[in-house]
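Raw coords-v3.cif, mmCIF, N, CA and C atoms:
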data_run
loop_
_atom_site.group_PDB
_atom_site.id
_atom_site.type_symbol
_atom_site.label_atom_id
_atom_site.label_comp_id
_atom_site.auth_asym_id
_atom_site.auth_seq_id
_atom_site.Cartn_x
_atom_site.Cartn_y
_atom_site.Cartn_z
ATOM 1 N N MET A 1 0.832 -1.170 0.000
ATOM 2 C CA MET A 1 0.000 0.000 0.000
ATOM 3 C C MET A 1 0.881 1.239 0.000
ATOM 4 N N GLU A 2 0.550 2.241 0.776
ATOM 5 C CA GLU A 2 1.319 3.470 0.738
ATOM 6 C C GLU A 2 1.594 3.984 2.138
ATOM 7 N N SER A 3 2.609 4.789 2.232
ATOM 8 C CA SER A 3 2.963 5.444 3.486
ATOM 9 C C SER A 3 3.236 6.895 3.164
ATOM 10 N N GLU A 4 2.916 7.796 4.092
ATOM 11 C CA GLU A 4 3.164 9.213 3.857
ATOM 12 C C GLU A 4 4.319 9.689 4.705
ATOM 13 N N CYS A 5 5.071 10.625 4.173
ATOM 14 C CA CYS A 5 6.107 11.271 4.966
ATOM 15 C C CYS A 5 6.120 12.737 4.595
ATOM 16 N N GLY A 6 6.461 13.580 5.532
ATOM 17 C CA GLY A 6 6.525 15.012 5.279
ATOM 18 C C GLY A 6 7.964 15.471 5.232
ATOM 19 N N LYS A 7 8.162 16.764 5.141
ATOM 20 C CA LYS A 7 9.512 17.302 5.044
ATOM 21 C C LYS A 7 10.321 16.989 6.303
ATOM 22 N N GLN A 8 9.690 17.023 7.458
ATOM 23 C CA GLN A 8 10.420 16.812 8.698
ATOM 24 C C GLN A 8 10.282 15.396 9.249
ATOM 25 N N ARG A 9 9.396 14.597 8.691
ATOM 26 C CA ARG A 9 9.250 13.239 9.192
ATOM 27 C C ARG A 9 9.164 12.293 8.012
ATOM 28 N N HIS A 10 9.468 11.049 8.226
ATOM 29 C CA HIS A 10 9.347 10.083 7.148
ATOM 30 C C HIS A 10 8.844 8.761 7.684
ATOM 31 N N GLY A 11 8.251 7.970 6.785
ATOM 32 C CA GLY A 11 7.571 6.740 7.184
ATOM 33 C C GLY A 11 8.402 5.500 6.991
ATOM 34 N N GLY A 12 9.665 5.509 7.306
ATOM 35 C CA GLY A 12 10.516 4.356 7.114
ATOM 36 C C GLY A 12 10.299 3.248 8.101
ATOM 37 N N GLU A 13 9.375 3.433 9.052
ATOM 38 C CA GLU A 13 9.151 2.412 10.061
ATOM 39 C C GLU A 13 8.339 1.247 9.517
ATOM 40 N N GLY A 14 7.827 1.351 8.307
ATOM 41 C CA GLY A 14 7.117 0.254 7.689
ATOM 42 C C GLY A 14 5.625 0.257 7.919
ATOM 43 N N LYS A 15 5.065 1.335 8.413
ATOM 44 C CA LYS A 15 3.615 1.421 8.624
ATOM 45 C C LYS A 15 2.960 2.076 7.424
ATOM 46 N N ARG A 16 1.800 1.601 7.058
ATOM 47 C CA ARG A 16 1.027 2.198 5.989
ATOM 48 C C ARG A 16 0.035 3.179 6.563
ATOM 49 N N LYS A 17 -0.553 3.942 5.676
ATOM 50 C CA LYS A 17 -1.541 4.923 6.080
ATOM 51 C C LYS A 17 -2.712 4.266 6.820
ATOM 52 N N ASN A 18 -3.087 3.062 6.410
ATOM 53 C CA ASN A 18 -4.228 2.394 7.030
ATOM 54 C C ASN A 18 -3.796 1.444 8.147
ATOM 55 N N ASN A 19 -2.599 1.663 8.709
ATOM 56 C CA ASN A 19 -2.051 0.917 9.851
ATOM 57 C C ASN A 19 -1.714 -0.537 9.567
ATOM 58 N N GLN A 20 -1.720 -0.961 8.311
ATOM 59 C CA GLN A 20 -1.206 -2.281 7.977
ATOM 60 C C GLN A 20 0.291 -2.127 7.760
ATOM 61 N N THR A 21 0.988 -3.224 7.676
ATOM 62 C CA THR A 21 2.436 -3.139 7.519
ATOM 63 C C THR A 21 2.852 -3.472 6.094
ATOM 64 N N PHE A 22 3.985 -2.873 5.675
ATOM 65 C CA PHE A 22 4.585 -3.232 4.400
ATOM 66 C C PHE A 22 5.128 -4.650 4.502
ATOM 67 N N SER A 23 5.343 -5.283 3.354
ATOM 68 C CA SER A 23 5.967 -6.604 3.339
ATOM 69 C C SER A 23 7.411 -6.487 3.805
ATOM 70 N N GLU A 24 7.997 -7.601 4.186
ATOM 71 C CA GLU A 24 9.401 -7.598 4.624
ATOM 72 C C GLU A 24 10.314 -7.116 3.509
ATOM 73 N N LYS A 25 10.045 -7.514 2.261
ATOM 74 C CA LYS A 25 10.872 -7.076 1.128
ATOM 75 C C LYS A 25 10.811 -5.560 0.962
ATOM 76 N N THR A 26 9.611 -4.995 1.106
ATOM 77 C CA THR A 26 9.466 -3.543 0.988
ATOM 78 C C THR A 26 10.196 -2.839 2.125
ATOM 79 N N LYS A 27 10.079 -3.364 3.336
ATOM 80 C CA LYS A 27 10.784 -2.762 4.478
ATOM 81 C C LYS A 27 12.292 -2.797 4.274
ATOM 82 N N GLU A 28 12.818 -3.889 3.721
ATOM 83 C CA GLU A 28 14.264 -3.982 3.448
ATOM 84 C C GLU A 28 14.686 -2.896 2.466
ATOM 85 N N THR A 29 13.902 -2.701 1.413
ATOM 86 C CA THR A 29 14.225 -1.672 0.427
ATOM 87 C C THR A 29 14.188 -0.290 1.070
ATOM 88 N N LEU A 30 13.145 -0.017 1.867
ATOM 89 C CA LEU A 30 13.032 1.289 2.525
ATOM 90 C C LEU A 30 14.217 1.563 3.439
ATOM 91 N N SER A 31 14.765 0.520 4.054
ATOM 92 C CA SER A 31 15.910 0.727 4.942
ATOM 93 C C SER A 31 17.183 1.063 4.160
ATOM 94 N N LYS A 32 17.206 0.755 2.860
ATOM 95 C CA LYS A 32 18.400 0.988 2.043
ATOM 96 C C LYS A 32 18.393 2.319 1.310
ATOM 97 N N ILE A 33 17.212 2.891 1.088
ATOM 98 C CA ILE A 33 17.186 4.121 0.291
ATOM 99 C C ILE A 33 17.465 5.340 1.154
ATOM 100 N N LYS A 34 18.078 6.333 0.535
ATOM 101 C CA LYS A 34 18.339 7.601 1.207
ATOM 102 C C LYS A 34 17.112 8.462 1.028
ATOM 103 N N ARG A 35 16.455 8.786 2.103
ATOM 104 C CA ARG A 35 15.192 9.501 2.055
ATOM 105 C C ARG A 35 15.439 10.987 1.856
ATOM 106 N N GLN A 36 15.062 11.492 0.714
ATOM 107 C CA GLN A 36 15.234 12.903 0.407
ATOM 108 C C GLN A 36 14.208 13.773 1.125
ATOM 109 N N CYS A 37 13.056 13.219 1.445
ATOM 110 C CA CYS A 37 11.983 14.020 2.049
ATOM 111 C C CYS A 37 12.355 14.531 3.425
ATOM 112 N N SER A 38 13.205 13.819 4.114
ATOM 113 C CA SER A 38 13.526 14.232 5.474
ATOM 114 C C SER A 38 14.680 15.220 5.519
ATOM 115 N N ARG A 39 15.240 15.570 4.369
ATOM 116 C CA ARG A 39 16.355 16.506 4.320
ATOM 117 C C ARG A 39 15.893 17.892 3.913
ATOM 118 N N PRO A 40 15.819 18.823 4.849
ATOM 119 C CA PRO A 40 15.452 20.191 4.447
ATOM 120 C C PRO A 40 16.599 20.831 3.671
ATOM 121 N N ARG A 41 16.263 21.550 2.618
ATOM 122 C CA ARG A 41 17.267 22.241 1.824
ATOM 123 C C ARG A 41 16.870 23.694 1.699
ATOM 124 N N ALA A 42 17.855 24.545 1.749
ATOM 125 C CA ALA A 42 17.591 25.982 1.643
ATOM 126 C C ALA A 42 16.946 26.296 0.303
ATOM 127 N N GLY A 43 15.870 27.062 0.337
ATOM 128 C CA GLY A 43 15.232 27.494 -0.902
ATOM 129 C C GLY A 43 14.238 26.512 -1.473
ATOM 130 N N ASN A 44 14.203 25.285 -0.978
ATOM 131 C CA ASN A 44 13.248 24.317 -1.502
ATOM 132 C C ASN A 44 11.895 24.498 -0.850
ATOM 133 N N GLU A 45 10.857 24.335 -1.643
ATOM 134 C CA GLU A 45 9.522 24.413 -1.078
ATOM 135 C C GLU A 45 9.223 23.124 -0.315
ATOM 136 N N GLN A 46 8.273 23.192 0.576
ATOM 137 C CA GLN A 46 7.904 22.016 1.337
ATOM 138 C C GLN A 46 7.280 20.993 0.412
ATOM 139 N N MET A 47 7.331 19.736 0.861
ATOM 140 C CA MET A 47 6.774 18.678 0.048
ATOM 141 C C MET A 47 6.138 17.620 0.937
ATOM 142 N N LEU A 48 5.249 16.859 0.343
ATOM 143 C CA LEU A 48 4.658 15.707 0.993
ATOM 144 C C LEU A 48 5.077 14.504 0.171
ATOM 145 N N CYS A 49 5.630 13.497 0.813
ATOM 146 C CA CYS A 49 6.075 12.305 0.108
ATOM 147 C C CYS A 49 5.175 11.135 0.440
ATOM 148 N N THR A 50 4.891 10.327 -0.567
ATOM 149 C CA THR A 50 4.169 9.081 -0.338
ATOM 150 C C THR A 50 5.006 7.944 -0.898
ATOM 151 N N ILE A 51 4.984 6.830 -0.208
ATOM 152 C CA ILE A 51 5.716 5.640 -0.619
ATOM 153 C C ILE A 51 4.695 4.578 -1.030
ATOM 154 N N HIS A 52 4.937 3.938 -2.164
ATOM 155 C CA HIS A 52 4.037 2.923 -2.691
ATOM 156 C C HIS A 52 4.819 1.641 -2.967
ATOM 157 N N ASP A 53 4.149 0.500 -2.797
ATOM 158 C CA ASP A 53 4.746 -0.765 -3.215
ATOM 159 C C ASP A 53 3.792 -1.433 -4.201
ATOM 160 N N ASN A 54 4.040 -2.698 -4.521
ATOM 161 C CA ASN A 54 3.254 -3.351 -5.566
ATOM 162 C C ASN A 54 1.823 -3.687 -5.142
ATOM 163 N N THR A 55 1.425 -3.317 -3.921
ATOM 164 C CA THR A 55 0.032 -3.493 -3.503
ATOM 165 C C THR A 55 -0.746 -2.186 -3.583
ATOM 166 N N SER A 56 -0.094 -1.092 -3.951
ATOM 167 C CA SER A 56 -0.744 0.212 -4.065
ATOM 168 C C SER A 56 -1.451 0.331 -5.410
ATOM 169 N N PRO A 57 -2.646 0.932 -5.430
ATOM 170 C CA PRO A 57 -3.336 1.148 -6.708
ATOM 171 C C PRO A 57 -2.455 1.946 -7.669
ATOM 172 N N GLY A 58 -2.349 1.451 -8.895
ATOM 173 C CA GLY A 58 -1.531 2.108 -9.910
ATOM 174 C C GLY A 58 -0.075 1.675 -9.902
ATOM 175 N N TYR A 59 0.320 0.893 -8.911
ATOM 176 C CA TYR A 59 1.715 0.455 -8.815
ATOM 177 C C TYR A 59 1.829 -1.066 -8.767
ATOM 178 N N GLN A 60 0.783 -1.775 -9.176
ATOM 179 C CA GLN A 60 0.825 -3.231 -9.159
ATOM 180 C C GLN A 60 1.863 -3.794 -10.125
ATOM 181 N N TRP A 61 2.341 -2.985 -11.049
ATOM 182 C CA TRP A 61 3.350 -3.433 -12.006
ATOM 183 C C TRP A 61 4.731 -3.588 -11.373
ATOM 184 N N LEU A 62 4.951 -3.001 -10.196
ATOM 185 C CA LEU A 62 6.254 -3.108 -9.527
ATOM 186 C C LEU A 62 6.508 -4.538 -9.058
ATOM 187 N N LEU A 63 7.746 -4.944 -9.105
ATOM 188 C CA LEU A 63 8.126 -6.253 -8.572
ATOM 189 C C LEU A 63 8.127 -6.203 -7.044
ATOM 190 N N PRO A 64 7.941 -7.343 -6.374
ATOM 191 C CA PRO A 64 8.000 -7.363 -4.907
ATOM 192 C C PRO A 64 9.340 -6.785 -4.419
ATOM 193 N N GLY A 65 9.259 -5.909 -3.443
ATOM 194 C CA GLY A 65 10.472 -5.286 -2.901
ATOM 195 C C GLY A 65 10.832 -3.967 -3.551
ATOM 196 N N TRP A 66 10.298 -3.687 -4.736
ATOM 197 C CA TRP A 66 10.519 -2.404 -5.384
ATOM 198 C C TRP A 66 9.544 -1.400 -4.783
ATOM 199 N N VAL A 67 9.966 -0.145 -4.667
ATOM 200 C CA VAL A 67 9.081 0.887 -4.143
ATOM 201 C C VAL A 67 9.092 2.107 -5.055
ATOM 202 N N ALA A 68 7.998 2.843 -5.016
ATOM 203 C CA ALA A 68 7.881 4.109 -5.732
ATOM 204 C C ALA A 68 7.692 5.199 -4.692
ATOM 205 N N GLU A 69 8.365 6.312 -4.891
ATOM 206 C CA GLU A 69 8.239 7.463 -4.015
ATOM 207 C C GLU A 69 7.661 8.605 -4.833
ATOM 208 N N GLU A 70 6.596 9.215 -4.331
ATOM 209 C CA GLU A 70 6.025 10.396 -4.964
ATOM 210 C C GLU A 70 6.320 11.586 -4.068
ATOM 211 N N ARG A 71 6.904 12.618 -4.650
ATOM 212 C CA ARG A 71 7.169 13.859 -3.922
ATOM 213 C C ARG A 71 6.223 14.925 -4.453
ATOM 214 N N HIS A 72 5.249 15.310 -3.638
ATOM 215 C CA HIS A 72 4.241 16.292 -4.008
ATOM 216 C C HIS A 72 4.693 17.667 -3.524
ATOM 217 N N MET A 73 4.968 18.551 -4.466
ATOM 218 C CA MET A 73 5.421 19.897 -4.140
ATOM 219 C C MET A 73 4.206 20.818 -3.956
ATOM 220 N N LEU A 74 4.387 21.906 -3.210
ATOM 221 C CA LEU A 74 3.301 22.867 -3.008
ATOM 222 C C LEU A 74 2.816 23.463 -4.327
ATOM 223 N N SER A 75 3.696 23.527 -5.307
ATOM 224 C CA SER A 75 3.332 24.079 -6.611
ATOM 225 C C SER A 75 2.380 23.161 -7.374
ATOM 226 N N GLY A 76 2.206 21.928 -6.891
ATOM 227 C CA GLY A 76 1.355 20.961 -7.579
ATOM 228 C C GLY A 76 2.141 19.940 -8.372
ATOM 229 N N ARG A 77 3.403 20.201 -8.573
ATOM 230 C CA ARG A 77 4.259 19.269 -9.322
ATOM 231 C C ARG A 77 4.483 18.008 -8.495
ATOM 232 N N VAL A 78 4.493 16.849 -9.167
ATOM 233 C CA VAL A 78 4.759 15.570 -8.509
ATOM 234 C C VAL A 78 5.970 14.930 -9.179
ATOM 235 N N TYR A 79 6.967 14.617 -8.369
ATOM 236 C CA TYR A 79 8.150 13.895 -8.847
ATOM 237 C C TYR A 79 8.020 12.448 -8.399
ATOM 238 N N ARG A 80 8.284 11.512 -9.307
ATOM 239 C CA ARG A 80 8.229 10.094 -8.961
ATOM 240 C C ARG A 80 9.603 9.474 -9.132
ATOM 241 N N TYR A 81 9.983 8.694 -8.134
ATOM 242 C CA TYR A 81 11.250 7.969 -8.165
ATOM 243 C C TYR A 81 10.960 6.518 -7.812
ATOM 244 N N TYR A 82 11.715 5.631 -8.408
ATOM 245 C CA TYR A 82 11.538 4.192 -8.187
ATOM 246 C C TYR A 82 12.832 3.636 -7.624
ATOM 247 N N TYR A 83 12.719 2.669 -6.724
ATOM 248 C CA TYR A 83 13.892 2.082 -6.078
ATOM 249 C C TYR A 83 13.838 0.565 -6.180
ATOM 250 N N ASP A 84 14.974 -0.032 -6.567
ATOM 251 C CA ASP A 84 15.039 -1.495 -6.601
ATOM 252 C C ASP A 84 15.359 -2.027 -5.208
ATOM 253 N N ARG A 85 15.490 -3.329 -5.089
ATOM 254 C CA ARG A 85 15.692 -3.935 -3.766
ATOM 255 C C ARG A 85 17.047 -3.603 -3.161
ATOM 256 N N GLU A 86 17.973 -3.088 -3.961
ATOM 257 C CA GLU A 86 19.290 -2.680 -3.446
ATOM 258 C C GLU A 86 19.307 -1.203 -3.071
ATOM 259 N N GLY A 87 18.203 -0.487 -3.317
ATOM 260 C CA GLY A 87 18.127 0.929 -2.989
ATOM 261 C C GLY A 87 18.568 1.853 -4.104
ATOM 262 N N ARG A 88 18.824 1.309 -5.306
ATOM 263 C CA ARG A 88 19.214 2.161 -6.438
ATOM 264 C C ARG A 88 17.996 2.913 -6.960
ATOM 265 N N GLN A 89 18.197 4.182 -7.287
ATOM 266 C CA GLN A 89 17.106 5.048 -7.719
ATOM 267 C C GLN A 89 16.993 5.087 -9.237
ATOM 268 N N TYR A 90 15.749 5.080 -9.719
ATOM 269 C CA TYR A 90 15.438 5.227 -11.138
ATOM 270 C C TYR A 90 14.435 6.369 -11.255
ATOM 271 N N ARG A 91 14.576 7.175 -12.300
ATOM 272 C CA ARG A 91 13.792 8.404 -12.399
ATOM 273 C C ARG A 91 12.498 8.280 -13.196
ATOM 274 N N SER A 92 12.251 7.137 -13.825
ATOM 275 C CA SER A 92 11.004 6.999 -14.579
ATOM 276 C C SER A 92 10.606 5.531 -14.683
ATOM 277 N N GLN A 93 9.319 5.324 -14.948
ATOM 278 C CA GLN A 93 8.818 3.969 -15.150
ATOM 279 C C GLN A 93 9.472 3.347 -16.377
ATOM 280 N N SER A 94 9.669 4.144 -17.421
ATOM 281 C CA SER A 94 10.278 3.606 -18.641
ATOM 282 C C SER A 94 11.718 3.162 -18.391
ATOM 283 N N GLU A 95 12.435 3.850 -17.515
ATOM 284 C CA GLU A 95 13.792 3.440 -17.159
ATOM 285 C C GLU A 95 13.776 2.090 -16.433
ATOM 286 N N VAL A 96 12.799 1.900 -15.545
ATOM 287 C CA VAL A 96 12.657 0.642 -14.813
ATOM 288 C C VAL A 96 12.331 -0.491 -15.783
ATOM 289 N N VAL A 97 11.359 -0.263 -16.672
ATOM 290 C CA VAL A 97 10.945 -1.288 -17.624
ATOM 291 C C VAL A 97 12.100 -1.649 -18.572
ATOM 292 N N ALA A 98 12.867 -0.650 -19.005
ATOM 293 C CA ALA A 98 14.024 -0.914 -19.876
ATOM 294 C C ALA A 98 15.053 -1.794 -19.166
ATOM 295 N N LEU A 99 15.266 -1.550 -17.878
ATOM 296 C CA LEU A 99 16.192 -2.372 -17.104
ATOM 297 C C LEU A 99 15.693 -3.807 -17.030
ATOM 298 N N TRP A 100 14.406 -3.967 -16.747
ATOM 299 C CA TRP A 100 13.847 -5.316 -16.662
ATOM 300 C C TRP A 100 13.953 -6.041 -18.004
ATOM 301 N N GLU A 101 13.695 -5.328 -19.112
ATOM 302 C CA GLU A 101 13.800 -5.931 -20.443
ATOM 303 C C GLU A 101 15.233 -6.360 -20.736
ATOM 304 N N LYS A 102 16.176 -5.570 -20.274
ATOM 305 C CA LYS A 102 17.603 -5.908 -20.445
ATOM 306 C C LYS A 102 17.926 -7.254 -19.814
ATOM 307 N N PHE A 103 17.241 -7.568 -18.710
ATOM 308 C CA PHE A 103 17.455 -8.831 -18.016
ATOM 309 C C PHE A 103 16.458 -9.902 -18.421
ATOM 310 N N GLY A 104 15.719 -9.666 -19.507
ATOM 311 C CA GLY A 104 14.816 -10.683 -20.049
ATOM 312 C C GLY A 104 13.432 -10.740 -19.441
ATOM 313 N N MET A 105 13.071 -9.770 -18.641
ATOM 314 C CA MET A 105 11.711 -9.753 -18.074
ATOM 315 C C MET A 105 10.783 -8.996 -18.994
ATOM 316 N N ILE A 106 9.537 -9.413 -19.008
ATOM 317 C CA ILE A 106 8.529 -8.784 -19.851
ATOM 318 C C ILE A 106 7.419 -8.259 -18.964
ATOM 319 N N LEU A 107 7.031 -7.006 -19.167
ATOM 320 C CA LEU A 107 5.930 -6.401 -18.414
ATOM 321 C C LEU A 107 4.683 -6.481 -19.277
ATOM 322 N N ILE A 108 3.641 -7.079 -18.729
ATOM 323 C CA ILE A 108 2.380 -7.203 -19.463
ATOM 324 C C ILE A 108 1.368 -6.272 -18.827
ATOM 325 N N ASP A 109 0.842 -5.323 -19.603
ATOM 326 C CA ASP A 109 -0.190 -4.399 -19.115
ATOM 327 C C ASP A 109 -1.542 -5.072 -19.176
ATOM 328 N N ASN A 110 -2.376 -4.782 -18.180
ATOM 329 C CA ASN A 110 -3.752 -5.292 -18.190
ATOM 330 C C ASN A 110 -4.653 -4.323 -18.896
#

Would you mind writing the file's structure down as C-alpha coordinates?
Amino acid sequence: MESECGKQRHGGEGKRKNNQTFSEKTKETLSKIKRQCSRPRAGNEQMLCTIHDNTSPGYQWLLPGWVAEERHMLSGRVYRYYYDREGRQYRSQSEVVALWEKFGMILIDN
(Lines of atoms letter the chains of each structure in order from A and count residues from 1; the text may use other names and numbers.)
(Lines give C-alpha, C1' and ligand atoms only; values in the text may rest on other atoms or scores of the structure.)
Protein backbone atom coordinates (compact mmCIF):
# COMPACT_ATOMS: atom_id res chain seq x y z
CA MET A 1 0.00 0.00 0.00
CA GLU A 2 1.32 3.47 0.74
CA SER A 3 2.96 5.44 3.49
CA GLU A 4 3.16 9.21 3.86
CA CYS A 5 6.11 11.27 4.97
CA GLY A 6 6.53 15.01 5.28
CA LYS A 7 9.51 17.30 5.04
CA GLN A 8 10.42 16.81 8.70
CA ARG A 9 9.25 13.24 9.19
CA HIS A 10 9.35 10.08 7.15
CA GLY A 11 7.57 6.74 7.18
CA GLY A 12 10.52 4.36 7.11
CA GLU A 13 9.15 2.41 10.06
CA GLY A 14 7.12 0.25 7.69
CA LYS A 15 3.62 1.42 8.62
CA ARG A 16 1.03 2.20 5.99
CA LYS A 17 -1.54 4.92 6.08
CA ASN A 18 -4.23 2.39 7.03
CA ASN A 19 -2.05 0.92 9.85
CA GLN A 20 -1.21 -2.28 7.98
CA THR A 21 2.44 -3.14 7.52
CA PHE A 22 4.59 -3.23 4.40
CA SER A 23 5.97 -6.60 3.34
CA GLU A 24 9.40 -7.60 4.62
CA LYS A 25 10.87 -7.08 1.13
CA THR A 26 9.47 -3.54 0.99
CA LYS A 27 10.78 -2.76 4.48
CA GLU A 28 14.26 -3.98 3.45
CA THR A 29 14.23 -1.67 0.43
CA LEU A 30 13.03 1.29 2.53
CA SER A 31 15.91 0.73 4.94
CA LYS A 32 18.40 0.99 2.04
CA ILE A 33 17.19 4.12 0.29
CA LYS A 34 18.34 7.60 1.21
CA ARG A 35 15.19 9.50 2.06
CA GLN A 36 15.23 12.90 0.41
CA CYS A 37 11.98 14.02 2.05
CA SER A 38 13.53 14.23 5.47
CA ARG A 39 16.36 16.51 4.32
CA PRO A 40 15.45 20.19 4.45
CA ARG A 41 17.27 22.24 1.82
CA ALA A 42 17.59 25.98 1.64
CA GLY A 43 15.23 27.49 -0.90
CA ASN A 44 13.25 24.32 -1.50
CA GLU A 45 9.52 24.41 -1.08
CA GLN A 46 7.90 22.02 1.34
CA MET A 47 6.77 18.68 0.05
CA LEU A 48 4.66 15.71 0.99
CA CYS A 49 6.07 12.31 0.11
CA THR A 50 4.17 9.08 -0.34
CA ILE A 51 5.72 5.64 -0.62
CA HIS A 52 4.04 2.92 -2.69
CA ASP A 53 4.75 -0.77 -3.21
CA ASN A 54 3.25 -3.35 -5.57
CA THR A 55 0.03 -3.49 -3.50
CA SER A 56 -0.74 0.21 -4.06
CA PRO A 57 -3.34 1.15 -6.71
CA GLY A 58 -1.53 2.11 -9.91
CA TYR A 59 1.72 0.45 -8.81
CA GLN A 60 0.82 -3.23 -9.16
CA TRP A 61 3.35 -3.43 -12.01
CA LEU A 62 6.25 -3.11 -9.53
CA LEU A 63 8.13 -6.25 -8.57
CA PRO A 64 8.00 -7.36 -4.91
CA GLY A 65 10.47 -5.29 -2.90
CA TRP A 66 10.52 -2.40 -5.38
CA VAL A 67 9.08 0.89 -4.14
CA ALA A 68 7.88 4.11 -5.73
CA GLU A 69 8.24 7.46 -4.01
CA GLU A 70 6.03 10.40 -4.96
CA ARG A 71 7.17 13.86 -3.92
CA HIS A 72 4.24 16.29 -4.01
CA MET A 73 5.42 19.90 -4.14
CA LEU A 74 3.30 22.87 -3.01
CA SER A 75 3.33 24.08 -6.61
CA GLY A 76 1.36 20.96 -7.58
CA ARG A 77 4.26 19.27 -9.32
CA VAL A 78 4.76 15.57 -8.51
CA TYR A 79 8.15 13.90 -8.85
CA ARG A 80 8.23 10.09 -8.96
CA TYR A 81 11.25 7.97 -8.16
CA TYR A 82 11.54 4.19 -8.19
CA TYR A 83 13.89 2.08 -6.08
CA ASP A 84 15.04 -1.50 -6.60
CA ARG A 85 15.69 -3.94 -3.77
CA GLU A 86 19.29 -2.68 -3.45
CA GLY A 87 18.13 0.93 -2.99
CA ARG A 88 19.21 2.16 -6.44
CA GLN A 89 17.11 5.05 -7.72
CA TYR A 90 15.44 5.23 -11.14
CA ARG A 91 13.79 8.40 -12.40
CA SER A 92 11.00 7.00 -14.58
CA GLN A 93 8.82 3.97 -15.15
CA SER A 94 10.28 3.61 -18.64
CA GLU A 95 13.79 3.44 -17.16
CA VAL A 96 12.66 0.64 -14.81
CA VAL A 97 10.95 -1.29 -17.62
CA ALA A 98 14.02 -0.91 -19.88
CA LEU A 99 16.19 -2.37 -17.10
CA TRP A 100 13.85 -5.32 -16.66
CA GLU A 101 13.80 -5.93 -20.44
CA LYS A 102 17.60 -5.91 -20.44
CA PHE A 103 17.45 -8.83 -18.02
CA GLY A 104 14.82 -10.68 -20.05
CA MET A 105 11.71 -9.75 -18.07
CA ILE A 106 8.53 -8.78 -19.85
CA LEU A 107 5.93 -6.40 -18.41
CA ILE A 108 2.38 -7.20 -19.46
CA ASP A 109 -0.19 -4.40 -19.12
CA ASN A 110 -3.75 -5.29 -18.19

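You can rank A:Lys102, A:Arg80, A:His72, A:Arg88 by their closest distance to Lys34 of chain A using all atoms listed in the file, and at the top of that list sits A:Arg88.
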
Check what the PyMOL selection byres ((chain A and resi 92) around 6) selects in the file above and give those residues as a list of chain:residue names. A:Arg80, A:Tyr81, A:Tyr82, A:Tyr90, A:Arg91, A:Gln93, A:Ser94, A:Glu95, A:Val96

Would you please extract all helix (DSSP H, G or I) residues from segment 14-104 of chain A, as assigned by DSSP on the backbone, and give them as an MDAnalysis selection string? chainID A and resid 24:32 93:102

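In this model, the gap between atom N of Leu48 of chain A and atom N of Ala98 of chain A comes to 27.2 Å.
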
Please provide the set of residues having any atom within 5 Å of segment 27-33 of chain A, restricted to only N, CA and C atoms, with same-chain residues fewer than 2 positions apart removed, written as a ChimeraX atom specification. /A:23-25,35,85,87

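In this model, the gap between atom N of Met47 of chain A and atom CA of Trp66 of chain A comes to 23.2 Å.
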
I need the output of the PyMOL selection byres ((chain A and resi 52) around 7) for this file as a list of chain:residue names; which residues are they?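 For this structure, the PyMOL selection byres ((chain A and resi 52) around 7) captures A:Met1, A:Glu2, A:Ser3, A:Thr50, A:Ile51, A:Asp53, A:Asn54, A:Thr55, A:Ser56, A:Tyr59, A:Trp66, A:Val67, A:Ala68, A:Glu69, A:Glu70.
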
For the residues in the current selection, export N, CA and C atoms as a PDB file, in the coordinates of the input.
ATOM      1  N   MET A   1       0.832  -1.170   0.000  1.00  0.00           N
ATOM      2  CA  MET A   1       0.000   0.000   0.000  1.00  0.00           C
ATOM      3  C   MET A   1       0.881   1.239   0.000  1.00  0.00           C
ATOM      4  N   GLU A   2       0.550   2.241   0.776  1.00  0.00           N
ATOM      5  CA  GLU A   2       1.319   3.470   0.738  1.00  0.00           C
ATOM      6  C   GLU A   2       1.594   3.984   2.138  1.00  0.00           C
ATOM      7  N   SER A   3       2.609   4.789   2.232  1.00  0.00           N
ATOM      8  CA  SER A   3       2.963   5.444   3.486  1.00  0.00           C
ATOM      9  C   SER A   3       3.236   6.895   3.164  1.00  0.00           C
ATOM     10  N   THR A  50       4.891  10.327  -0.567  1.00  0.00           N
ATOM     11  CA  THR A  50       4.169   9.081  -0.338  1.00  0.00           C
ATOM     12  C   THR A  50       5.006   7.944  -0.898  1.00  0.00           C
ATOM     13  N   ILE A  51       4.984   6.830  -0.208  1.00  0.00           N
ATOM     14  CA  ILE A  51       5.716   5.640  -0.619  1.00  0.00           C
ATOM     15  C   ILE A  51       4.695   4.578  -1.030  1.00  0.00           C
ATOM     16  N   ASP A  53       4.149   0.500  -2.797  1.00  0.00           N
ATOM     17  CA  ASP A  53       4.746  -0.765  -3.215  1.00  0.00           C
ATOM     18  C   ASP A  53       3.792  -1.433  -4.201  1.00  0.00           C
ATOM     19  N   ASN A  54       4.040  -2.698  -4.521  1.00  0.00           N
ATOM     20  CA  ASN A  54       3.254  -3.351  -5.566  1.00  0.00           C
ATOM     21  C   ASN A  54       1.823  -3.687  -5.142  1.00  0.00           C
ATOM     22  N   THR A  55       1.425  -3.317  -3.921  1.00  0.00           N
ATOM     23  CA  THR A  55       0.032  -3.493  -3.503  1.00  0.00           C
ATOM     24  C   THR A  55      -0.746  -2.186  -3.583  1.00  0.00           C
ATOM     25  N   SER A  56      -0.094  -1.092  -3.951  1.00  0.00           N
ATOM     26  CA  SER A  56      -0.744   0.212  -4.065  1.00  0.00           C
ATOM     27  C   SER A  56      -1.451   0.331  -5.410  1.00  0.00           C
ATOM     28  N   TYR A  59       0.320   0.893  -8.911  1.00  0.00           N
ATOM     29  CA  TYR A  59       1.715   0.455  -8.815  1.00  0.00           C
ATOM     30  C   TYR A  59       1.829  -1.066  -8.767  1.00  0.00           C
ATOM     31  N   TRP A  66      10.298  -3.687  -4.736  1.00  0.00           N
ATOM     32  CA  TRP A  66      10.519  -2.404  -5.384  1.00  0.00           C
ATOM     33  C   TRP A  66       9.544  -1.400  -4.783  1.00  0.00           C
ATOM     34  N   VAL A  67       9.966  -0.145  -4.667  1.00  0.00           N
ATOM     35  CA  VAL A  67       9.081   0.887  -4.143  1.00  0.00           C
ATOM     36  C   VAL A  67       9.092   2.107  -5.055  1.00  0.00           C
ATOM     37  N   ALA A  68       7.998   2.843  -5.016  1.00  0.00           N
ATOM     38  CA  ALA A  68       7.881   4.109  -5.732  1.00  0.00           C
ATOM     39  C   ALA A  68       7.692   5.199  -4.692  1.00  0.00           C
ATOM     40  N   GLU A  69       8.365   6.312  -4.891  1.00  0.00           N
ATOM     41  CA  GLU A  69       8.239   7.463  -4.015  1.00  0.00           C
ATOM     42  C   GLU A  69       7.661   8.605  -4.833  1.00  0.00           C
ATOM     43  N   GLU A  70       6.596   9.215  -4.331  1.00  0.00           N
ATOM     44  CA  GLU A  70       6.025  10.396  -4.964  1.00  0.00           C
ATOM     45  C   GLU A  70       6.320  11.586  -4.068  1.00  0.00           C
TER      46      GLU A  70
END

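With all atoms listed in the file as the atoms that count, the residue of A:Leu63, A:Met73, A:Val97, A:Val78 with the shortest distance to Gln46 of chain A is A:Met73.
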